[in-house]
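Structure, as structure tokens:
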Amino acid sequence: MSRLVFLAFQAGLLTTMLNALGAVPVLFMKRISQRTLDIGLGFASGVMIAASFTSLIIPGIKLGGILPVLVGIAFGTITISLADKVIPHMHAIIGAEGPSTGRLKAIWLFVIAVTLHNMPEGLAVGVGFGSGRLSEAMALAIAIGLQNIPEGMSIGFSTISIEGTPRWKAFLISFLSGLVELPLSILGAALVSLVKPIIPYAMGFAGGAMMFVVSDEMIPETHRMGHERLASYGLVIGLIVMLTLDVLLG
């Protein structure tokens, strides 16, 4: 168990650092075009869609059959949907969601939104390694790390646009929002390592949660500013990259 958890820790550290790498340009540039950000988020969406199936859902079915994975997908979707409803947060384009609150500044509502977004990714990495299927887990960790680069960039520049946030603070917020992936990677690996029967349920849960985030948050965000065609190209490229990684590492 300790070896798998340690591997998950390393993978979580990798994805967190790549998220921070994506935020580095915010320290030197005032802005980046919305078109570029939408293409990047489209790429991230494609990676997450492919990873949900190739590294989580399909391996989960092979391990435990279709029913546990379907149950996991349903619970993953419901959990993220409920969190989206009951936790106040804000998106850069669509504005505030969840219960209204006057106590939190807009910047912190945005941070909460990003953290909710990153939680399924960290959990997915941990579940992947905890399952013991190391080739799929490695492909998943690399893919999520790669898609964290445009995500980190998008978060950083979106944060600057909220309340005139300083560059250093925008970078720090982007880094901290990605940091949630590290403990969830460890938690996911430890949990499925200790309780083997829940592995297919957990893999379905992580896959369903990621798919819900992509459909409910990421794709709509990339289509709101008139760049849906380019964002779709980015999505297809992300699919290709993830499938290639899965074949090469599998």
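Chain labels A, B, ... are given in the sequence in which chains occur in the structure tokens; within each chain residues are numbered consecutively from 1, and ligands are likewise numbered from 1 in the order shown.
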> Which residues, written as a list in words, have at least one atom at most 8 Å from Phe75 of chain A, with only C-alpha atoms counted and residues fewer than 3 positions away on the same chain left out?
Replying inline: Val71, Gly72, Ile78, Thr79, Phe205 and Gly208 of chain A
>> Neighbouring residues of Ile237 of chain A were defined as those with any atom within 10 Å, considering only C-alpha atoms; residues of the same chain fewer than 5 positions away were excluded. Please report them as a VMD selection string.
In response: chain A and resid 39 42 to 47 231 to 232 242 to 243
Atoms kept (N, CA and C atoms) for selection, written as a PDB file, in the first residue's frame:
ATOM      1  N   ILE A  39      -9.099  27.887 -26.406  1.00  0.00           N
ATOM      2  CA  ILE A  39      -8.472  26.737 -27.065  1.00  0.00           C
ATOM      3  C   ILE A  39      -7.800  25.844 -26.025  1.00  0.00           C
ATOM      4  N   GLY A  42     -10.350  23.986 -24.132  1.00  0.00           N
ATOM      5  CA  GLY A  42     -10.873  22.941 -24.999  1.00  0.00           C
ATOM      6  C   GLY A  42      -9.955  21.728 -25.003  1.00  0.00           C
ATOM      7  N   PHE A  43      -8.653  21.987 -25.078  1.00  0.00           N
ATOM      8  CA  PHE A  43      -7.652  20.917 -25.003  1.00  0.00           C
ATOM      9  C   PHE A  43      -7.791  20.153 -23.690  1.00  0.00           C
ATOM     10  N   ALA A  44      -7.896  20.888 -22.586  1.00  0.00           N
ATOM     11  CA  ALA A  44      -8.037  20.259 -21.274  1.00  0.00           C
ATOM     12  C   ALA A  44      -9.305  19.408 -21.212  1.00  0.00           C
ATOM     13  N   SER A  45     -10.376  19.883 -21.831  1.00  0.00           N
ATOM     14  CA  SER A  45     -11.630  19.123 -21.838  1.00  0.00           C
ATOM     15  C   SER A  45     -11.462  17.804 -22.576  1.00  0.00           C
ATOM     16  N   GLY A  46     -10.776  17.848 -23.723  1.00  0.00           N
ATOM     17  CA  GLY A  46     -10.551  16.627 -24.490  1.00  0.00           C
ATOM     18  C   GLY A  46      -9.729  15.607 -23.730  1.00  0.00           C
ATOM     19  N   VAL A  47      -8.710  16.085 -23.035  1.00  0.00           N
ATOM     20  CA  VAL A  47      -7.875  15.192 -22.227  1.00  0.00           C
ATOM     21  C   VAL A  47      -8.713  14.524 -21.140  1.00  0.00           C
ATOM     22  N   ALA A 231     -12.270  26.105 -29.916  1.00  0.00           N
ATOM     23  CA  ALA A 231     -12.259  25.318 -28.679  1.00  0.00           C
ATOM     24  C   ALA A 231     -12.519  23.848 -28.985  1.00  0.00           C
ATOM     25  N   SER A 232     -13.383  23.591 -29.967  1.00  0.00           N
ATOM     26  CA  SER A 232     -13.669  22.200 -30.352  1.00  0.00           C
ATOM     27  C   SER A 232     -12.449  21.545 -30.979  1.00  0.00           C
ATOM     28  N   MET A 242      -4.304  12.350 -25.316  1.00  0.00           N
ATOM     29  CA  MET A 242      -4.559  11.379 -24.254  1.00  0.00           C
ATOM     30  C   MET A 242      -4.576   9.959 -24.801  1.00  0.00           C
ATOM     31  N   LEU A 243      -5.207   9.731 -25.928  1.00  0.00           N
ATOM     32  CA  LEU A 243      -5.240   8.400 -26.509  1.00  0.00           C
ATOM     33  C   LEU A 243      -3.846   7.920 -26.906  1.00  0.00           C
TER      34      LEU A 243
END
>> Using DSSP secondary structure from the backbone, list all alpha helix (DSSP H) positions within segment 18-243 of chain A, as a ChimeraX atom specification.
In response: /A:18-23,34-51,58-64,66-86,106-130,134-160,167-179,181-194,199-213,219-222,228-243
>> Residues near Met29 of chain A, anyone? I mean within 12 Å using only C-alpha atoms, not counting same-chain ones fewer than 5 positions away, as a PyMOL selection string.
In response: chain A and resi 23-24+153+156-157+160+166-168+170-171
May I have the selected residues written with C-alpha atoms, as a tab-separated table (two decimals), in the first residue's frame?
chain	number	residue	atom	x	y	z
A	23	ALA	CA	0.30	30.27	-14.28
A	24	VAL	CA	3.87	31.59	-14.73
A	153	MET	CA	-2.90	29.91	-17.31
A	156	GLY	CA	-4.26	33.15	-13.49
A	157	PHE	CA	-5.43	35.55	-16.18
A	160	ILE	CA	-6.36	39.29	-12.77
A	166	PRO	CA	-2.04	41.95	-8.61
A	167	ARG	CA	-0.01	39.56	-10.76
A	168	TRP	CA	1.78	37.91	-7.87
A	170	ALA	CA	-3.09	35.86	-9.30
A	171	PHE	CA	-0.15	33.45	-9.62
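Across the structure, atom CA of Arg229 of chain A and atom CA of Ser33 of chain A are spaced 15.6 Å apart.
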> Neighbours of segment 14-16 of chain A within 7 Å (only C-alpha atoms; same-chain residues fewer than 5 positions away dropped), as a VMD selection string?
Replying inline: chain A and resid 141 144 to 145 148 178 to 179 181 to 182
Output the selection as a PDB file, in the first residue's frame - N, CA and C atoms for each residue.
ATOM      1  N   ALA A 141      -1.997  10.525 -15.023  1.00  0.00           N
ATOM      2  CA  ALA A 141      -1.290  11.592 -14.312  1.00  0.00           C
ATOM      3  C   ALA A 141      -0.605  12.545 -15.286  1.00  0.00           C
ATOM      4  N   ILE A 144      -3.386  14.623 -17.106  1.00  0.00           N
ATOM      5  CA  ILE A 144      -3.963  15.659 -16.245  1.00  0.00           C
ATOM      6  C   ILE A 144      -2.937  16.758 -15.988  1.00  0.00           C
ATOM      7  N   GLY A 145      -1.680  16.374 -15.840  1.00  0.00           N
ATOM      8  CA  GLY A 145      -0.634  17.382 -15.691  1.00  0.00           C
ATOM      9  C   GLY A 145      -0.542  18.298 -16.891  1.00  0.00           C
ATOM     10  N   ASN A 148      -3.374  20.630 -17.046  1.00  0.00           N
ATOM     11  CA  ASN A 148      -3.301  21.623 -15.978  1.00  0.00           C
ATOM     12  C   ASN A 148      -2.536  22.876 -16.412  1.00  0.00           C
ATOM     13  N   GLY A 178      -4.614  24.700  -7.468  1.00  0.00           N
ATOM     14  CA  GLY A 178      -4.183  23.398  -7.979  1.00  0.00           C
ATOM     15  C   GLY A 178      -3.624  22.503  -6.894  1.00  0.00           C
ATOM     16  N   LEU A 179      -3.255  23.102  -5.769  1.00  0.00           N
ATOM     17  CA  LEU A 179      -2.630  22.340  -4.689  1.00  0.00           C
ATOM     18  C   LEU A 179      -3.579  21.313  -4.083  1.00  0.00           C
ATOM     19  N   GLU A 181      -5.128  19.132  -5.520  1.00  0.00           N
ATOM     20  CA  GLU A 181      -4.971  17.836  -6.190  1.00  0.00           C
ATOM     21  C   GLU A 181      -4.010  16.915  -5.433  1.00  0.00           C
ATOM     22  N   LEU A 182      -3.044  17.494  -4.742  1.00  0.00           N
ATOM     23  CA  LEU A 182      -2.038  16.679  -4.058  1.00  0.00           C
ATOM     24  C   LEU A 182      -2.633  15.855  -2.915  1.00  0.00           C
TER      25      LEU A 182
END
>> Using only C-alpha atoms, which protein or nucleic acid residues come within 8 Å of Ser55 of chain A? Drop anything in the same chain fewer than 4 positions from it, and give the result as an MDAnalysis selection string.
In response: chainID A and resid 51 59 128 136:137 139:140 246
> Which distance in Å separates atom CA of Leu41 of chain A and atom CA of Ile61 of chain A, to one decimal?
Replying inline: 28.5 Å
